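Asker: Just target35.cif, nothing more (mmCIF, C-alpha atoms):
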```
data_work
loop_
_atom_site.label_atom_id
_atom_site.label_comp_id
_atom_site.auth_asym_id
_atom_site.auth_seq_id
_atom_site.Cartn_x
_atom_site.Cartn_y
_atom_site.Cartn_z
CA MET Q 1 -49.67 -48.18 28.01
CA ILE Q 2 -50.15 -44.85 26.30
CA VAL Q 3 -49.78 -42.97 29.55
CA GLY Q 4 -46.87 -45.11 30.70
CA LEU Q 5 -44.75 -44.53 27.64
CA PHE Q 6 -45.99 -41.10 26.62
CA ASN Q 7 -42.84 -39.29 27.83
CA TYR Q 8 -40.56 -41.53 25.83
CA TRP Q 9 -42.60 -41.06 22.69
CA ILE Q 10 -42.47 -37.30 22.97
CA VAL Q 11 -38.73 -37.58 23.46
CA ILE Q 12 -38.41 -39.67 20.31
CA VAL Q 13 -40.41 -37.17 18.28
CA LEU Q 14 -38.23 -34.31 19.54
CA MET Q 15 -35.06 -36.28 18.95
CA MET Q 16 -36.01 -37.10 15.39
CA ALA Q 17 -36.95 -33.48 14.72
CA GLY Q 18 -33.49 -32.49 15.91
CA LEU Q 19 -31.89 -35.12 13.71
CA TYR Q 20 -33.94 -33.92 10.78
CA ILE Q 21 -32.71 -30.36 11.27
CA VAL Q 22 -29.12 -31.59 11.37
CA MET Q 23 -29.46 -33.58 8.17
CA SER Q 24 -31.69 -31.37 6.06
CA SER Q 25 -30.31 -27.94 6.82
CA GLY Q 26 -27.28 -26.73 4.95
CA HIS Q 27 -26.59 -23.86 7.32
CA LEU Q 28 -23.94 -24.83 9.85
CA VAL Q 29 -25.39 -22.74 12.68
CA LYS Q 30 -28.81 -24.23 12.10
CA LYS Q 31 -27.24 -27.68 12.28
CA ILE Q 32 -25.90 -26.72 15.70
CA ILE Q 33 -29.39 -25.65 16.75
CA GLY Q 34 -30.62 -29.06 15.63
CA LEU Q 35 -27.93 -30.78 17.66
CA ASN Q 36 -29.00 -28.75 20.68
CA VAL Q 37 -32.61 -29.84 20.26
CA PHE Q 38 -31.48 -33.44 19.95
CA GLN Q 39 -29.35 -33.10 23.05
CA THR Q 40 -32.09 -31.55 25.14
CA SER Q 41 -34.48 -34.33 24.19
CA VAL Q 42 -31.95 -36.89 25.37
CA PHE Q 43 -31.79 -34.98 28.66
CA ILE Q 44 -35.57 -35.19 28.99
CA PHE Q 45 -35.32 -38.93 28.32
CA PHE Q 46 -32.82 -39.47 31.12
CA ILE Q 47 -34.74 -37.37 33.58
CA SER Q 48 -37.98 -39.19 32.76
CA MET Q 49 -36.24 -42.47 33.48
CA GLY Q 50 -35.16 -41.17 36.86
CA ALA Q 51 -38.62 -40.07 37.96
CA VAL Q 52 -40.51 -42.16 40.51
CA ASP Q 53 -44.23 -42.02 41.26
CA GLY Q 54 -44.85 -39.97 44.36
CA GLY Q 55 -41.17 -39.11 44.63
CA THR Q 56 -39.70 -35.77 45.51
CA ALA Q 57 -36.47 -33.98 44.69
CA PRO Q 58 -33.47 -35.94 46.04
CA ILE Q 59 -32.69 -33.68 48.97
CA LEU Q 60 -32.72 -35.43 52.33
CA LYS Q 61 -35.19 -33.96 54.75
CA ASP Q 62 -37.27 -35.38 57.55
CA GLY Q 63 -40.66 -36.52 56.45
CA PHE Q 64 -39.77 -37.56 52.93
CA THR Q 65 -38.92 -41.13 52.08
CA VAL Q 66 -39.49 -41.49 48.34
CA PHE Q 67 -37.00 -39.68 46.14
CA SER Q 68 -36.43 -39.72 42.44
CA ASN Q 69 -33.19 -41.25 41.28
CA PRO Q 70 -30.31 -38.79 41.73
CA LEU Q 71 -27.97 -40.56 39.35
CA PRO Q 72 -29.56 -39.41 36.05
CA HIS Q 73 -29.75 -35.92 37.50
CA VAL Q 74 -26.02 -35.87 38.09
CA LEU Q 75 -25.26 -37.23 34.65
CA ILE Q 76 -27.50 -34.71 32.91
CA LEU Q 77 -26.36 -31.81 35.05
CA THR Q 78 -22.82 -32.24 33.87
CA ALA Q 79 -23.91 -33.14 30.35
CA ILE Q 80 -25.71 -29.81 29.98
CA VAL Q 81 -22.61 -27.83 30.82
CA VAL Q 82 -20.42 -30.00 28.63
CA GLY Q 83 -23.07 -29.57 25.94
CA VAL Q 84 -22.84 -25.80 25.98
CA ALA Q 85 -19.06 -26.01 25.82
CA THR Q 86 -19.18 -28.24 22.76
CA THR Q 87 -21.82 -25.98 21.21
CA ALA Q 88 -19.45 -23.09 21.64
CA LEU Q 89 -16.68 -25.10 20.02
CA GLY Q 90 -18.94 -25.89 17.07
CA LEU Q 91 -19.86 -22.23 16.73
CA ALA Q 92 -16.20 -21.26 16.84
CA ILE Q 93 -15.47 -23.70 14.03
CA SER Q 94 -18.33 -22.35 11.92
CA VAL Q 95 -17.13 -18.80 12.49
CA ARG Q 96 -13.72 -19.82 11.21
CA VAL Q 97 -15.32 -21.56 8.25
CA PHE Q 98 -17.16 -18.36 7.51
CA GLU Q 99 -13.96 -16.37 7.64
CA ALA Q 100 -12.22 -18.78 5.31
CA TYR Q 101 -15.03 -19.30 2.79
CA GLY Q 102 -17.35 -16.33 3.23
CA THR Q 103 -20.33 -18.62 3.71
CA VAL Q 104 -21.64 -21.25 6.10
CA GLU Q 105 -23.89 -23.01 3.61
CA GLU Q 106 -22.72 -26.57 3.18
CA ASP Q 107 -23.22 -26.83 -0.60
CA GLU Q 108 -21.50 -23.52 -1.28
CA ILE Q 109 -18.50 -24.63 0.78
CA LEU Q 110 -18.35 -27.88 -1.17
CA ALA Q 111 -18.58 -25.97 -4.45
CA ILE Q 112 -15.72 -23.69 -3.42
CA ASP Q 113 -13.65 -26.71 -2.43
CA ARG Q 114 -14.34 -28.38 -5.77
CA ASP Q 115 -13.34 -25.24 -7.65
CA ASN Q 116 -10.12 -25.00 -5.72
CA ARG Q 117 -9.25 -28.61 -6.39
CA GLU Q 118 -9.91 -28.27 -10.10
CA ARG Q 119 -7.81 -25.15 -10.24
CA GLU Q 120 -4.98 -26.92 -8.45
CA ILE Q 121 -5.09 -29.84 -10.87
CA SER Q 122 -5.07 -27.58 -13.89
CA VAL Q 123 -2.26 -25.57 -12.41
CA SER Q 124 -0.08 -28.57 -11.61
CA THR Q 125 -0.26 -29.68 -15.23
CA VAL Q 126 1.17 -26.34 -16.31
CA VAL Q 127 4.69 -25.28 -15.50
CA THR Q 128 5.88 -25.36 -11.90
CA GLU Q 129 6.54 -21.66 -12.05
CA SER Q 130 2.87 -20.76 -12.35
CA SER Q 131 1.88 -23.13 -9.57
CA GLN Q 132 4.38 -21.33 -7.40
CA ASN Q 133 2.56 -18.11 -8.13
CA GLU Q 134 -0.76 -19.73 -7.32
CA ARG Q 135 0.46 -20.75 -3.94
CA ASP Q 136 1.86 -17.30 -3.26
CA GLN Q 137 -1.52 -15.84 -3.84
CA MET T 1 -45.95 -27.34 23.29
CA LEU T 2 -42.40 -28.61 23.09
CA VAL T 3 -43.26 -30.47 19.92
CA ALA T 4 -44.89 -27.38 18.40
CA THR T 5 -41.83 -25.29 19.19
CA VAL T 6 -39.50 -27.79 17.61
CA PHE T 7 -41.52 -28.05 14.43
CA ALA T 8 -41.49 -24.28 14.19
CA ILE T 9 -37.69 -24.43 14.41
CA VAL T 10 -37.61 -27.03 11.64
CA LYS T 11 -39.68 -24.83 9.35
CA LEU T 12 -38.01 -21.51 10.03
CA ASP T 13 -35.40 -20.18 7.66
CA HIS T 14 -35.00 -17.01 9.63
CA LEU T 15 -32.33 -18.04 12.07
CA MET T 16 -32.81 -15.25 14.60
CA THR T 17 -36.32 -16.48 15.31
CA ALA T 18 -35.13 -20.06 15.36
CA VAL T 19 -32.57 -19.25 18.03
CA MET T 20 -35.15 -17.44 20.13
CA LEU T 21 -37.42 -20.46 19.86
CA MET T 22 -34.53 -22.67 20.89
CA GLY T 23 -34.13 -20.63 24.04
CA PHE T 24 -37.84 -20.99 24.64
CA PHE T 25 -37.54 -24.72 24.06
CA SER T 26 -34.83 -24.91 26.71
CA LEU T 27 -36.92 -22.95 29.16
CA LEU T 28 -39.87 -25.27 28.60
CA SER T 29 -37.73 -28.33 29.09
CA SER T 30 -36.33 -26.89 32.29
CA CYS T 31 -39.94 -26.57 33.51
CA ILE T 32 -40.37 -30.25 32.67
CA PHE T 33 -37.26 -31.12 34.67
CA MET T 34 -38.74 -29.19 37.56
CA ILE T 35 -41.96 -31.19 37.37
CA LEU T 36 -39.98 -34.41 37.21
CA ASP T 37 -38.24 -33.52 40.51
CA ALA T 38 -34.88 -32.79 38.95
CA VAL T 39 -34.38 -29.39 40.52
CA ASP T 40 -30.64 -29.20 39.98
CA VAL T 41 -31.01 -30.07 36.35
CA ALA T 42 -33.82 -27.56 35.85
CA PHE T 43 -31.57 -24.93 37.34
CA THR T 44 -28.72 -25.70 35.00
CA GLU T 45 -30.88 -25.99 31.92
CA ALA T 46 -32.53 -22.62 32.59
CA ALA T 47 -29.18 -20.92 33.04
CA VAL T 48 -27.34 -22.71 30.25
CA GLY T 49 -29.90 -23.51 27.60
CA ALA T 50 -32.05 -20.44 27.81
CA GLY T 51 -29.19 -18.14 28.74
CA ALA T 52 -25.67 -18.96 27.71
CA SER T 53 -26.09 -21.11 24.62
CA THR T 54 -28.71 -18.79 23.13
CA ILE T 55 -26.37 -15.86 23.55
CA PHE T 56 -23.48 -17.81 22.02
CA ILE T 57 -25.49 -18.75 18.97
CA LEU T 58 -26.71 -15.17 18.58
CA ALA T 59 -23.15 -13.93 18.78
CA ALA T 60 -22.13 -16.41 16.09
CA LEU T 61 -25.09 -15.41 13.94
CA ALA T 62 -24.04 -11.80 14.14
CA ILE T 63 -20.91 -12.90 12.32
CA VAL T 64 -22.19 -15.39 9.80
CA GLY T 65 -25.48 -13.73 8.84
CA ARG T 66 -28.98 -14.64 9.80
CA LYS T 67 -30.70 -16.09 6.75
CA SER T 68 -30.53 -19.72 5.87
CA LYS T 69 -31.16 -20.67 2.30
CA LYS T 70 -34.24 -22.48 1.08
CA LYS T 71 -33.50 -26.15 1.00
CA ARG T 72 -33.43 -28.07 -2.20
CA ARG T 73 -35.90 -30.86 -2.68
CA GLU T 74 -33.72 -33.95 -2.58
CA LYS T 75 -32.22 -32.81 0.68
CA THR T 76 -35.53 -32.95 2.48
CA ILE T 77 -36.86 -36.29 1.26
CA LEU T 78 -33.96 -38.55 2.18
CA PRO T 79 -33.53 -37.23 5.74
CA LEU T 80 -37.27 -37.50 6.23
CA ILE T 81 -37.19 -41.19 5.32
CA ILE T 82 -34.19 -41.88 7.57
CA VAL T 83 -35.73 -39.98 10.45
CA THR T 84 -39.06 -41.78 10.12
CA CYS T 85 -37.39 -45.19 10.04
CA THR T 86 -35.17 -44.45 13.04
CA GLY T 87 -38.11 -42.98 14.93
CA ALA T 88 -40.25 -46.03 14.24
CA LEU T 89 -37.47 -48.35 15.42
CA LEU T 90 -37.04 -46.34 18.61
CA LEU T 91 -40.79 -46.33 19.21
CA TYR T 92 -40.75 -50.11 18.84
CA ALA T 93 -37.92 -50.26 21.36
CA THR T 94 -39.85 -48.26 23.94
CA LEU T 95 -42.44 -51.02 24.12
CA ASP T 96 -39.93 -52.92 26.25
CA MET T 97 -39.27 -49.98 28.54
CA PRO T 98 -40.62 -49.93 32.07
CA TYR T 99 -43.49 -47.50 32.41
CA PHE T 100 -42.87 -43.95 33.49
CA GLY T 101 -42.55 -43.63 37.25
CA THR T 102 -42.30 -47.35 38.05
CA PRO T 103 -40.32 -47.61 41.29
CA ASP T 104 -38.79 -51.03 40.49
CA ALA T 105 -37.41 -50.15 37.06
CA PRO T 106 -33.80 -51.30 36.50
CA VAL T 107 -32.55 -47.72 36.78
CA HIS T 108 -33.68 -47.55 40.37
CA THR T 109 -32.33 -50.87 41.56
CA HIS T 110 -28.60 -50.75 40.85
CA VAL T 111 -26.61 -48.09 42.72
CA ALA T 112 -29.35 -45.57 43.36
CA PRO T 113 -30.66 -47.13 46.61
CA ARG T 114 -27.21 -46.89 48.13
CA TYR T 115 -26.96 -43.22 47.18
CA LEU T 116 -30.40 -42.55 48.62
CA LEU T 117 -30.04 -44.52 51.83
CA GLU T 118 -26.39 -44.16 52.78
CA SER T 119 -25.21 -40.86 51.38
CA GLY T 120 -26.49 -38.95 54.39
CA GLU T 121 -24.23 -41.09 56.56
CA GLU T 122 -21.29 -41.58 54.22
CA VAL T 123 -20.96 -38.16 52.66
CA GLY T 124 -23.15 -35.75 54.57
CA PRO T 125 -24.79 -33.14 52.37
CA PRO T 126 -28.57 -33.35 52.33
CA ASN T 127 -28.61 -32.73 48.60
CA ILE T 128 -27.93 -36.20 47.25
CA VAL T 129 -27.23 -34.86 43.77
CA THR T 130 -24.29 -32.92 45.18
CA SER T 131 -22.88 -35.88 47.07
CA VAL T 132 -23.14 -38.14 44.03
CA LEU T 133 -21.68 -35.48 41.77
CA ALA T 134 -18.78 -34.48 43.96
CA SER T 135 -18.02 -37.55 45.99
CA TYR T 136 -19.25 -40.85 44.57
CA ARG T 137 -18.64 -39.83 40.99
CA GLY T 138 -15.85 -37.34 41.63
CA TYR T 139 -13.75 -38.83 38.83
CA ASP T 140 -16.52 -38.32 36.28
CA THR T 141 -17.04 -34.76 37.34
CA PHE T 142 -13.32 -34.12 37.17
CA GLY T 143 -13.37 -35.48 33.64
CA GLU T 144 -16.29 -33.27 32.71
CA ALA T 145 -14.61 -30.18 34.08
CA GLY T 146 -11.69 -31.29 31.92
CA VAL T 147 -13.95 -31.50 28.86
CA VAL T 148 -15.22 -27.98 29.47
CA PHE T 149 -11.62 -26.84 29.81
CA THR T 150 -10.64 -28.59 26.59
CA ALA T 151 -13.52 -27.02 24.70
CA PHE T 152 -12.34 -23.68 26.01
CA ILE T 153 -8.82 -24.35 24.72
CA GLY T 154 -10.34 -25.27 21.38
CA VAL T 155 -12.33 -22.05 21.15
CA LEU T 156 -9.29 -20.07 22.23
CA LEU T 157 -7.15 -21.67 19.54
CA LEU T 158 -9.79 -21.15 16.87
CA LEU T 159 -10.83 -17.61 17.72
CA GLY T 160 -8.37 -16.27 20.25
CA ALA T 161 -9.67 -14.04 23.04
CA GLY T 162 -8.13 -10.61 23.33
CA THR T 163 -5.82 -11.28 20.40
CA ARG T 164 -8.18 -10.35 17.63
CA LYS T 165 -6.72 -10.53 14.19
CA SER T 166 -8.73 -9.32 11.26
CA GLY T 167 -9.78 -12.52 9.60
CA LEU T 168 -11.91 -11.44 6.69
CA GLU T 169 -12.02 -7.77 5.84
CA ARG T 170 -15.65 -6.82 5.93
CA GLU T 171 -17.59 -3.57 5.66
CA ALA T 172 -18.67 -1.67 8.76
CA PRO T 173 -20.21 -4.20 11.14
CA PRO T 174 -23.59 -3.61 12.80
CA ASN T 175 -22.13 -2.83 16.18
CA VAL T 176 -24.41 0.21 16.30
CA LYS T 177 -26.85 -2.08 18.09
CA VAL T 178 -24.43 -2.77 20.91
CA GLU T 179 -23.64 0.89 21.36
CA SER T 180 -27.22 2.05 21.30
CA MET T 181 -28.19 -0.40 24.02
CA ARG T 182 -26.67 2.02 26.46
CA GLN T 183 -29.19 4.64 25.45
CA LYS T 184 -32.17 2.36 26.07
CA ILE T 185 -33.12 3.58 29.53
CA VAL T 186 -35.44 0.75 30.47
CA LEU T 187 -32.96 -1.93 29.48
CA ARG T 188 -30.13 -0.18 31.27
CA GLU T 189 -32.05 0.39 34.48
CA VAL T 190 -33.35 -3.16 34.59
CA ALA T 191 -29.88 -4.50 33.93
CA ASP T 192 -28.41 -2.31 36.66
CA LEU T 193 -30.99 -3.66 39.04
CA LEU T 194 -30.38 -7.24 38.03
CA ILE T 195 -26.64 -7.61 37.75
CA ALA T 196 -25.69 -7.29 41.42
CA PRO T 197 -28.43 -9.62 42.71
CA VAL T 198 -27.56 -12.15 40.01
CA LEU T 199 -23.93 -12.13 41.12
CA VAL T 200 -24.92 -12.55 44.76
CA PHE T 201 -27.32 -15.30 43.79
CA ALA T 202 -24.54 -17.08 41.94
CA LEU T 203 -22.42 -17.03 45.09
CA TYR T 204 -25.35 -18.31 47.13
CA VAL T 205 -25.86 -21.16 44.67
CA GLN T 206 -22.16 -21.87 44.85
CA TRP T 207 -21.87 -22.14 48.62
CA HIS T 208 -25.29 -23.55 49.33
CA GLY T 209 -24.98 -26.37 46.83
CA ASP T 210 -24.85 -29.14 49.40
CA PHE T 211 -28.04 -28.14 51.18
CA GLY T 212 -30.31 -27.00 48.41
CA PRO T 213 -30.20 -27.36 44.67
CA GLY T 214 -27.11 -25.78 43.24
CA GLY T 215 -23.38 -26.23 42.95
CA GLY T 216 -20.39 -25.22 40.94
CA PHE T 217 -21.79 -25.82 37.47
CA GLN T 218 -24.92 -23.77 38.04
CA ALA T 219 -23.14 -21.03 39.95
CA GLY T 220 -20.52 -20.70 37.24
CA VAL T 221 -23.08 -20.26 34.52
CA ILE T 222 -25.19 -17.83 36.53
CA PHE T 223 -22.13 -15.75 37.38
CA ALA T 224 -21.09 -15.72 33.74
CA SER T 225 -24.58 -14.70 32.63
CA ALA T 226 -24.44 -11.63 34.87
CA ILE T 227 -21.16 -10.59 33.24
CA ILE T 228 -22.57 -11.31 29.80
CA LEU T 229 -25.60 -9.15 30.60
CA TYR T 230 -23.26 -6.34 31.57
CA ALA T 231 -21.34 -6.75 28.35
CA LEU T 232 -24.52 -6.73 26.31
CA ILE T 233 -25.77 -3.50 27.82
CA TYR T 234 -22.58 -1.51 28.27
CA GLY T 235 -20.65 -2.93 25.37
CA ILE T 236 -17.89 -5.48 25.30
CA VAL T 237 -15.01 -3.07 25.83
CA PRO T 238 -15.97 -1.88 29.35
CA ALA T 239 -16.66 -5.47 30.31
CA GLN T 240 -13.21 -6.46 29.13
CA LYS T 241 -11.71 -3.62 31.11
CA ILE T 242 -13.14 -5.18 34.26
CA LEU T 243 -12.17 -8.70 33.29
CA PRO T 244 -9.23 -8.57 30.89
CA PRO T 245 -9.48 -11.70 28.71
CA ARG T 246 -5.77 -12.36 28.94
CA LYS T 247 -5.94 -12.69 32.70
CA LEU T 248 -9.30 -14.42 32.58
CA ALA T 249 -7.77 -17.10 30.40
CA TYR T 250 -5.79 -18.39 33.40
CA PHE T 251 -8.88 -19.04 35.48
CA PRO T 252 -10.19 -22.22 33.83
CA GLY T 253 -6.80 -23.77 34.51
CA ILE T 254 -6.80 -22.51 38.10
CA GLY T 255 -10.22 -24.01 38.74
CA LEU T 256 -9.26 -27.37 37.30
CA LEU T 257 -5.99 -27.40 39.23
CA LEU T 258 -7.85 -26.61 42.45
CA TYR T 259 -10.00 -29.66 41.81
CA ALA T 260 -6.98 -31.84 41.12
CA LEU T 261 -5.13 -30.40 44.10
CA VAL T 262 -7.90 -31.49 46.46
CA GLY T 263 -7.58 -34.99 45.05
CA VAL T 264 -3.80 -35.01 45.41
CA ILE T 265 -3.90 -33.68 48.97
CA ALA T 266 -6.32 -36.48 49.80
CA MET T 267 -3.76 -38.90 48.36
CA PHE T 268 -0.95 -37.47 50.47
CA LYS T 269 -3.11 -37.75 53.54
CA GLY T 270 -3.38 -41.47 52.92
CA GLY T 271 -6.65 -41.79 51.05
CA ASN T 272 -7.38 -42.43 47.41
CA PHE T 273 -7.44 -39.71 44.78
CA LEU T 274 -10.47 -37.52 45.50
CA ALA T 275 -11.41 -39.47 48.63
CA TYR T 276 -12.23 -36.45 50.76
CA GLY T 277 -12.73 -38.47 53.91
CA ALA T 278 -8.97 -38.50 54.37
CA LEU T 279 -8.66 -34.71 54.25
CA MET T 280 -9.51 -34.12 57.89
CA ALA T 281 -9.47 -36.12 61.11
CA ASP T 282 -13.24 -36.43 60.98
CA PRO T 283 -14.29 -37.97 57.64
CA HIS T 284 -17.48 -35.93 57.64
CA ASP T 285 -15.62 -32.65 57.88
CA GLY T 286 -13.26 -33.89 55.21
CA GLN T 287 -16.12 -34.68 52.87
CA HIS T 288 -17.73 -31.33 53.58
CA TYR T 289 -14.67 -29.18 52.91
CA GLY T 290 -13.53 -31.37 50.05
CA ILE T 291 -16.85 -30.96 48.28
CA LEU T 292 -16.88 -27.21 48.90
CA ALA T 293 -13.38 -26.90 47.48
CA ILE T 294 -14.03 -28.88 44.32
CA GLU T 295 -17.35 -27.13 43.77
CA LEU T 296 -15.43 -23.88 43.94
CA GLY T 297 -12.98 -25.24 41.39
CA ILE T 298 -15.81 -26.23 39.08
CA GLY T 299 -17.48 -22.85 39.56
CA ILE T 300 -14.33 -20.93 38.66
CA THR T 301 -13.65 -23.09 35.63
CA VAL T 302 -17.19 -22.90 34.27
CA ALA T 303 -17.64 -19.17 34.86
CA ALA T 304 -14.30 -18.28 33.31
CA VAL T 305 -14.85 -20.57 30.34
CA MET T 306 -18.30 -19.13 29.62
CA ILE T 307 -17.16 -15.52 29.85
CA ASN T 308 -14.11 -16.24 27.73
CA ILE T 309 -16.12 -17.97 25.04
CA PHE T 310 -18.58 -15.09 24.98
CA PHE T 311 -15.77 -12.60 24.61
CA SER T 312 -14.08 -14.54 21.83
CA LEU T 313 -17.30 -14.97 19.87
CA SER T 314 -18.53 -11.43 20.24
CA GLU T 315 -15.15 -9.80 19.61
CA ARG T 316 -15.23 -11.28 16.15
CA SER T 317 -18.37 -9.42 15.22
CA LEU T 318 -17.06 -6.02 16.29
#
```
Please express the file's structure as structure tokens.
Answerer:
Amino acid sequence: MIVGLFNYWIVIVLMMAGLYIVMSSGHLVKKIIGLNVFQTSVFIFFISMGAVDGGTAPILKDGFTVFSNPLPHVLILTAIVVGVATTALGLAISVRVFEAYGTVEEDEILAIDRDNREREISVSTVVTESSQNERDQ
Amino acid sequence: MLVATVFAIVKLDHLMTAVMLMGFFSLLSSCIFMILDAVDVAFTEAAVGAGASTIFILAALAIVGRKSKKKRREKTILPLIIVTCTGALLLYATLDMPYFGTPDAPVHTHVAPRYLLESGEEVGPPNIVTSVLASYRGYDTFGEAGVVFTAFIGVLLLLGAGTRKSGLEREAPPNVKVESMRQKIVLREVADLLIAPVLVFALYVQWHGDFGPGGGFQAGVIFASAIILYALIYGIVPAQKILPPRKLAYFPGIGLLLYALVGVIAMFKGGNFLAYGALMADPHDGQHYGILAIELGIGITVAAVMINIFFSLSERSL
């Protein structure tokens, strides 16, 4: 049993490590790294499911009859490329966040947001004229 | 080893090292794919995970800074509990899974036998992965090329390639590194040696995808990595002179349209959308040329998207 399920267990450990990075780290780029780790472990999971004892790579050639399952390979192949595209999108968003806030630490961003909201509330209670100025700035 | 690498990433606050380890992690997992007979996947993972995505993250780090802050205490305990619980549940679920390598597992009994037994007759290419990717699941692949294209549009909207506006005024950026790369003789010579073969290899992977491992996705990424290597050594400006981002931005669309066009032509010839058999008098020829054409479309899209994203990310740090 240990040998039979060993691959899956490793995958779960890796996946949970990735999830842990995503949840515990406040740095947006590090979160993306965690997502990548998570993603790669899912890939390993799929590929392990597709493997067959004594099989070979699914390329037809005389003399080979047992192949591993090509379907997971196809799915993962495309998923990897889609994965890098989404990673790039995430990075682009965090770069923009950095340009807007000057930081990519989650708690600092939240603090800045809170400050802004409080300032807006205090401003709206004062005369409209000053809130106009605020917005101009 | 994989596990050790990942725990190192968890612990590290220095992001540069963490990214390097992530690249290493990808390389290791691509070795695992190789062992598990998934040659195409290993190919892609090595090119994408260890190459492209590492470079992207490094480029982003150059902008946002490389240190991550020490975590506070309450932020580590709660995730740890959640992660342990989820992990335990998943472990419990694996007890029902078929053992690794069992030939009669449910995965292997649904559509896979047909792919394995008939694809040589129905589609033609010896590489079954290619025939499944391009022919049986042509819709899916079209959708995925579309996702890559959409992500590219997103990055373009967020960062804008070749239309750099000064976002946040910052002090002199550390682009000294990029410039001084040119002076590093060893790096430059090795890069000079590598770039041309890598480009040729990308074309080989592109056109040989139906016989050996390879295809549009891999070729696109390999091609892009050669360009990225050039940009890293000689600086981004000469690279952009060769491939102006404004023109390059058309190519993802061209690739996707080529893909769609093949499908539409097949429709006009009396088949279904993306049924290549209808393209030519002999269904086998039709399949062959259809697959080559859509692989080319995928290759163009992926390569152009990768290069564009690299340009947009690294322009920001200049």
Asker: Between atom CA of T:Tyr234 and atom CA of T:Ser314, measure the distance and give it in Å to one decimal.
Answerer: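 Between these atoms lies a distance of 13.4 Å.
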Asker: Would you pick out the contacts of T:Ala191 at 12 Å or less, using all atoms listed in the file, so that residues sharing its chain but fewer than 3 positions from it are not included, and give the list as an NGL selection string?
Answerer: :T and (181-182 or 184-188 or 194-198 or 225-234)
Asker: Based on the selection just made, write C-alpha atoms of those residues as a PDB file, in the frame of the given file.
Answerer:
```pdb
ATOM      1  CA  MET T 181     -28.190  -0.400  24.020  1.00  0.00           C
ATOM      2  CA  ARG T 182     -26.670   2.020  26.460  1.00  0.00           C
ATOM      3  CA  LYS T 184     -32.170   2.360  26.070  1.00  0.00           C
ATOM      4  CA  ILE T 185     -33.120   3.580  29.530  1.00  0.00           C
ATOM      5  CA  VAL T 186     -35.440   0.750  30.470  1.00  0.00           C
ATOM      6  CA  LEU T 187     -32.960  -1.930  29.480  1.00  0.00           C
ATOM      7  CA  ARG T 188     -30.130  -0.180  31.270  1.00  0.00           C
ATOM      8  CA  LEU T 194     -30.380  -7.240  38.030  1.00  0.00           C
ATOM      9  CA  ILE T 195     -26.640  -7.610  37.750  1.00  0.00           C
ATOM     10  CA  ALA T 196     -25.690  -7.290  41.420  1.00  0.00           C
ATOM     11  CA  PRO T 197     -28.430  -9.620  42.710  1.00  0.00           C
ATOM     12  CA  VAL T 198     -27.560 -12.150  40.010  1.00  0.00           C
ATOM     13  CA  SER T 225     -24.580 -14.700  32.630  1.00  0.00           C
ATOM     14  CA  ALA T 226     -24.440 -11.630  34.870  1.00  0.00           C
ATOM     15  CA  ILE T 227     -21.160 -10.590  33.240  1.00  0.00           C
ATOM     16  CA  ILE T 228     -22.570 -11.310  29.800  1.00  0.00           C
ATOM     17  CA  LEU T 229     -25.600  -9.150  30.600  1.00  0.00           C
ATOM     18  CA  TYR T 230     -23.260  -6.340  31.570  1.00  0.00           C
ATOM     19  CA  ALA T 231     -21.340  -6.750  28.350  1.00  0.00           C
ATOM     20  CA  LEU T 232     -24.520  -6.730  26.310  1.00  0.00           C
ATOM     21  CA  ILE T 233     -25.770  -3.500  27.820  1.00  0.00           C
ATOM     22  CA  TYR T 234     -22.580  -1.510  28.270  1.00  0.00           C
TER      23      TYR T 234
END
```
Asker: Skip stretch 301-305 of chain T itself and residues of its chain fewer than 5 positions away, then list as a PDB file with C-alpha atoms, keeping the file's coordinate frame all residues within 6 Å of it, counting only C-alpha atoms.
Answerer:
```
ATOM      1  CA  PHE T 152     -12.340 -23.680  26.010  1.00  0.00           C
ATOM      2  CA  GLY T 220     -20.520 -20.700  37.240  1.00  0.00           C
ATOM      3  CA  VAL T 221     -23.080 -20.260  34.520  1.00  0.00           C
ATOM      4  CA  ALA T 224     -21.090 -15.720  33.740  1.00  0.00           C
ATOM      5  CA  PHE T 251      -8.880 -19.040  35.480  1.00  0.00           C
ATOM      6  CA  PRO T 252     -10.190 -22.220  33.830  1.00  0.00           C
ATOM      7  CA  GLY T 255     -10.220 -24.010  38.740  1.00  0.00           C
TER       8      GLY T 255
END
```
Asker: Could you tell me, as an MDAnalysis selection string, exactly which residues end up selected when the PyMOL selection byres ((chain Q and resi 91) around 12) is applied to this structure?
Answerer: (chainID Q and resid 27:33 35:36 84:90 92:98 104) or (chainID T and resid 53:64 151 154:155 158:159 309:310 312:314 316)
Asker: Using the chain letters and numbers from the file, give me the residues hit by the PyMOL selection byres ((chain Q and resi 41) around 9), as a list in words.
Answerer: Ile10, Val11, Ile12, Val13, Leu14, Met15, Gly18, Asn36, Val37, Phe38, Gln39, Thr40, Val42, Phe43, Ile44, Phe45 and Phe46 of chain Q; Ser29 of chain T
Asker: So how many Å separate atom CA of T:Gly286 and atom CA of T:Glu144, to one decimal?
Answerer: 22.7 Å
Asker: I'd like to see the residues matched by the PyMOL selection byres ((chain T and resi 79-83) around 9) on this file, and ideally I'd get them as a list in words.
Answerer: Met16, Ala17, Leu19, Tyr20, Ile21, Met23 and Ser24 of chain Q; Glu74, Lys75, Thr76, Ile77, Leu78, Thr84, Cys85, Thr86, Gly87 and Ala88 of chain T
Asker: Quick one: pull the distance between atom CA of T:Val41 and atom CA of T:Pro245, Å, one decimal.
Answerer: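 Between atom CA of T:Val41 and atom CA of T:Pro245 the gap works out to 29.3 Å.
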